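Novice: A single structure is presented below for examination.
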Amino acid sequence: MPSKLRIGLWLYRRAENLLALMLGTMFLAFLLQVLFRYVLNLPVGWTNELSSILWIWIVLFGAAFVVHEEEEIRFDLLYASAGSRARRIMFLLSAAALLFLYGYSFPAVLDYVTFMKVEKSSYLKLRFDWVFSIYIVFVLAVIARYIWLSWKALTGRNVDAFDPPKAGSGV
């Protein structure tokens, strides 16, 4: 196995590990919330806040670094029935729209997220620029991914036959 592939696989596994750690922490916070509220009759807010923040991070971090393109859920009835050339064109049009929208909105999003350093969360007192910084990472990862996938589509390296059961089931 080439060195680059080994490093990439190692990084992917660490991203999965981090995602699992975040999910485990969120589940533990949920259990603590149930314990404090219903067993001890002592409602606390920090568990709900932690769960909400972790949910944002799990979704965006997972979409940026763990979920593969073919594992994303899509309505692909037209795409599945099209030929290889038409699928390539549909993909390139969709990728161009996505790249334009994310690229166009990125300066405003970056400005807003960095502005949020003036606000803190209610219970954990986490600065909102840190909380929402994962969105910046997500956007950059999506832009990089779609530039790479578009390059593959333009150079004809993604001409694999479309497999609807595989694409639809996430396996």
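Residues are referred to by chain and number: the chain letter is A, B, ... according to the order shown in the structure tokens, the number counts from 1 in that chain, and ligands are numbered separately from 1 in the order shown.
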At a cut-off of 12 Å, using only C-alpha atoms, what residues contact Val44 of chain A? Leave out same-chain residues fewer than 4 positions from it and give the result as a list in words.
Specialist: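 So the residues in contact are Ala29, Phe30, Leu32, Gln33, Val34, Leu35, Phe36, Arg37, Tyr38, Leu40, Asn48, Glu49, Leu50, Ser122, Tyr123 and Leu124 of chain A.
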Novice: What does the file look like for those residues with N, CA, C and O atoms, as a PDB file, in the first residue's frame?
Specialist:
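Generated output (result_30.pdb):
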```pdb
ATOM      1  N   ALA A  29     -24.035  12.811  27.885  1.00  0.00           N
ATOM      2  CA  ALA A  29     -24.688  14.054  28.329  1.00  0.00           C
ATOM      3  C   ALA A  29     -26.195  13.874  28.348  1.00  0.00           C
ATOM      4  O   ALA A  29     -26.876  14.352  29.274  1.00  0.00           O
ATOM      5  N   PHE A  30     -26.732  13.170  27.363  1.00  0.00           N
ATOM      6  CA  PHE A  30     -28.172  12.903  27.336  1.00  0.00           C
ATOM      7  C   PHE A  30     -28.589  12.062  28.542  1.00  0.00           C
ATOM      8  O   PHE A  30     -29.597  12.352  29.200  1.00  0.00           O
ATOM      9  N   LEU A  32     -27.048  11.841  31.416  1.00  0.00           N
ATOM     10  CA  LEU A  32     -26.945  12.691  32.602  1.00  0.00           C
ATOM     11  C   LEU A  32     -28.135  13.640  32.703  1.00  0.00           C
ATOM     12  O   LEU A  32     -28.637  13.900  33.797  1.00  0.00           O
ATOM     13  N   GLN A  33     -28.581  14.139  31.570  1.00  0.00           N
ATOM     14  CA  GLN A  33     -29.737  15.026  31.563  1.00  0.00           C
ATOM     15  C   GLN A  33     -30.974  14.302  32.082  1.00  0.00           C
ATOM     16  O   GLN A  33     -31.725  14.838  32.898  1.00  0.00           O
ATOM     17  N   VAL A  34     -31.184  13.076  31.642  1.00  0.00           N
ATOM     18  CA  VAL A  34     -32.323  12.277  32.115  1.00  0.00           C
ATOM     19  C   VAL A  34     -32.178  11.990  33.606  1.00  0.00           C
ATOM     20  O   VAL A  34     -33.139  12.134  34.377  1.00  0.00           O
ATOM     21  N   LEU A  35     -30.986  11.617  34.037  1.00  0.00           N
ATOM     22  CA  LEU A  35     -30.742  11.336  35.445  1.00  0.00           C
ATOM     23  C   LEU A  35     -31.031  12.556  36.321  1.00  0.00           C
ATOM     24  O   LEU A  35     -31.766  12.466  37.304  1.00  0.00           O
ATOM     25  N   PHE A  36     -30.454  13.694  35.949  1.00  0.00           N
ATOM     26  CA  PHE A  36     -30.648  14.903  36.751  1.00  0.00           C
ATOM     27  C   PHE A  36     -32.105  15.361  36.758  1.00  0.00           C
ATOM     28  O   PHE A  36     -32.623  15.759  37.791  1.00  0.00           O
ATOM     29  N   ARG A  37     -32.758  15.307  35.609  1.00  0.00           N
ATOM     30  CA  ARG A  37     -34.118  15.835  35.522  1.00  0.00           C
ATOM     31  C   ARG A  37     -35.146  14.914  36.160  1.00  0.00           C
ATOM     32  O   ARG A  37     -36.000  15.357  36.928  1.00  0.00           O
ATOM     33  N   TYR A  38     -35.101  13.625  35.863  1.00  0.00           N
ATOM     34  CA  TYR A  38     -36.180  12.724  36.274  1.00  0.00           C
ATOM     35  C   TYR A  38     -35.883  11.906  37.512  1.00  0.00           C
ATOM     36  O   TYR A  38     -36.800  11.490  38.206  1.00  0.00           O
ATOM     37  N   LEU A  40     -33.142  12.791  39.932  1.00  0.00           N
ATOM     38  CA  LEU A  40     -32.740  13.692  41.013  1.00  0.00           C
ATOM     39  C   LEU A  40     -33.643  14.933  41.121  1.00  0.00           C
ATOM     40  O   LEU A  40     -33.490  15.714  42.052  1.00  0.00           O
ATOM     41  N   ASN A  48     -28.038  19.807  27.968  1.00  0.00           N
ATOM     42  CA  ASN A  48     -28.761  20.100  26.731  1.00  0.00           C
ATOM     43  C   ASN A  48     -27.894  20.943  25.793  1.00  0.00           C
ATOM     44  O   ASN A  48     -27.851  20.707  24.585  1.00  0.00           O
ATOM     45  N   GLU A  49     -27.212  21.917  26.346  1.00  0.00           N
ATOM     46  CA  GLU A  49     -26.336  22.767  25.542  1.00  0.00           C
ATOM     47  C   GLU A  49     -25.199  21.961  24.933  1.00  0.00           C
ATOM     48  O   GLU A  49     -24.884  22.108  23.752  1.00  0.00           O
ATOM     49  N   LEU A  50     -24.584  21.098  25.731  1.00  0.00           N
ATOM     50  CA  LEU A  50     -23.501  20.260  25.234  1.00  0.00           C
ATOM     51  C   LEU A  50     -23.999  19.335  24.130  1.00  0.00           C
ATOM     52  O   LEU A  50     -23.344  19.181  23.093  1.00  0.00           O
ATOM     53  N   SER A 122     -24.826  29.926  26.985  1.00  0.00           N
ATOM     54  CA  SER A 122     -25.433  30.244  28.281  1.00  0.00           C
ATOM     55  C   SER A 122     -24.813  29.503  29.461  1.00  0.00           C
ATOM     56  O   SER A 122     -24.537  30.097  30.492  1.00  0.00           O
ATOM     57  N   TYR A 123     -24.613  28.212  29.323  1.00  0.00           N
ATOM     58  CA  TYR A 123     -24.173  27.412  30.460  1.00  0.00           C
ATOM     59  C   TYR A 123     -22.681  27.120  30.452  1.00  0.00           C
ATOM     60  O   TYR A 123     -22.011  27.235  31.469  1.00  0.00           O
ATOM     61  N   LEU A 124     -22.170  26.696  29.311  1.00  0.00           N
ATOM     62  CA  LEU A 124     -20.763  26.291  29.233  1.00  0.00           C
ATOM     63  C   LEU A 124     -19.821  27.462  28.982  1.00  0.00           C
ATOM     64  O   LEU A 124     -18.611  27.309  29.069  1.00  0.00           O
TER      65      LEU A 124
END
```
Novice: Could you tell me which of A:Phe65, A:Trp46, A:Trp57, A:Phe27 comes closest to Ile134 of chain A if we count only C-alpha atoms?
Specialist: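 Nearest candidate to Ile134 of chain A out of A:Phe65, A:Trp46, A:Trp57, A:Phe27: A:Trp57.
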Novice: Near Ala63 of chain A, counting only C-alpha atoms, which residues have an atom at most 9 Å away, once you skip same-chain residues fewer than 2 positions from it, shown as a VMD selection string?
Specialist: chain A and resid 58 to 61 65 to 68 72 138 141 to 142
Novice: Go ahead and save the picked residues with N, CA and C atoms, as a PDB file, in the first residue's frame.
Specialist:
```pdb
ATOM      1  N   ILE A  58     -21.050  16.944  15.144  1.00  0.00           N
ATOM      2  CA  ILE A  58     -21.121  15.585  14.587  1.00  0.00           C
ATOM      3  C   ILE A  58     -21.598  15.630  13.142  1.00  0.00           C
ATOM      4  N   VAL A  59     -22.660  16.372  12.884  1.00  0.00           N
ATOM      5  CA  VAL A  59     -23.214  16.439  11.530  1.00  0.00           C
ATOM      6  C   VAL A  59     -22.216  17.066  10.563  1.00  0.00           C
ATOM      7  N   LEU A  60     -21.666  18.227  10.915  1.00  0.00           N
ATOM      8  CA  LEU A  60     -20.786  18.931   9.982  1.00  0.00           C
ATOM      9  C   LEU A  60     -19.411  18.277   9.855  1.00  0.00           C
ATOM     10  N   PHE A  61     -18.844  17.817  10.962  1.00  0.00           N
ATOM     11  CA  PHE A  61     -17.551  17.135  10.902  1.00  0.00           C
ATOM     12  C   PHE A  61     -17.691  15.821  10.132  1.00  0.00           C
ATOM     13  N   PHE A  65     -15.634  15.022   6.707  1.00  0.00           N
ATOM     14  CA  PHE A  65     -14.467  14.130   6.735  1.00  0.00           C
ATOM     15  C   PHE A  65     -14.750  12.633   6.758  1.00  0.00           C
ATOM     16  N   VAL A  66     -15.969  12.220   7.054  1.00  0.00           N
ATOM     17  CA  VAL A  66     -16.216  10.787   7.216  1.00  0.00           C
ATOM     18  C   VAL A  66     -17.156  10.223   6.154  1.00  0.00           C
ATOM     19  N   VAL A  67     -18.247  10.903   5.872  1.00  0.00           N
ATOM     20  CA  VAL A  67     -19.230  10.397   4.913  1.00  0.00           C
ATOM     21  C   VAL A  67     -18.679  10.527   3.497  1.00  0.00           C
ATOM     22  N   HIS A  68     -18.746   9.431   2.756  1.00  0.00           N
ATOM     23  CA  HIS A  68     -18.304   9.420   1.359  1.00  0.00           C
ATOM     24  C   HIS A  68     -19.419   9.943   0.470  1.00  0.00           C
ATOM     25  N   GLU A  72     -24.121   9.663   0.745  1.00  0.00           N
ATOM     26  CA  GLU A  72     -25.051  10.745   1.019  1.00  0.00           C
ATOM     27  C   GLU A  72     -26.436  10.378   0.505  1.00  0.00           C
ATOM     28  N   PHE A 138     -16.257  22.755   7.490  1.00  0.00           N
ATOM     29  CA  PHE A 138     -17.164  22.007   6.619  1.00  0.00           C
ATOM     30  C   PHE A 138     -17.205  22.609   5.219  1.00  0.00           C
ATOM     31  N   ALA A 141     -13.985  22.006   3.333  1.00  0.00           N
ATOM     32  CA  ALA A 141     -13.867  20.592   2.949  1.00  0.00           C
ATOM     33  C   ALA A 141     -14.791  20.264   1.780  1.00  0.00           C
ATOM     34  N   VAL A 142     -16.005  20.787   1.794  1.00  0.00           N
ATOM     35  CA  VAL A 142     -16.950  20.535   0.700  1.00  0.00           C
ATOM     36  C   VAL A 142     -16.447  21.173  -0.592  1.00  0.00           C
TER      37      VAL A 142
END
```
Novice: Based on DSSP run over this structure's backbone, return all residues of segment 70-126 of chain A in alpha helix (DSSP H), as an MDAnalysis selection string.
Specialist: chainID A and resid 77:81 84:115
Novice: Sorted by chain and rising residue number, list the residues of segment 51-127 of chain A at most 8 Å from segment 146-158 of chain A (counting only C-alpha atoms), each with its closest atom pair and distance in Å to one decimal, as a tab-separated table.
Specialist:
```
residue	atom	partner	partner_atom	distance
A:Arg88	CA	A:Ala153	CA	6.2
A:Phe91	CA	A:Ser150	CA	7.9
A:Leu92	CA	A:Ser150	CA	6.2
A:Ala95	CA	A:Tyr146	CA	6.2
A:Leu99	CA	A:Tyr146	CA	7.2
```
Novice: Ranking A:Ala144, A:Ser52, A:Phe132, A:Glu70 by minimum distance to Met22 of chain A and counting only C-alpha atoms, which one comes first?
Specialist: A:Ser52
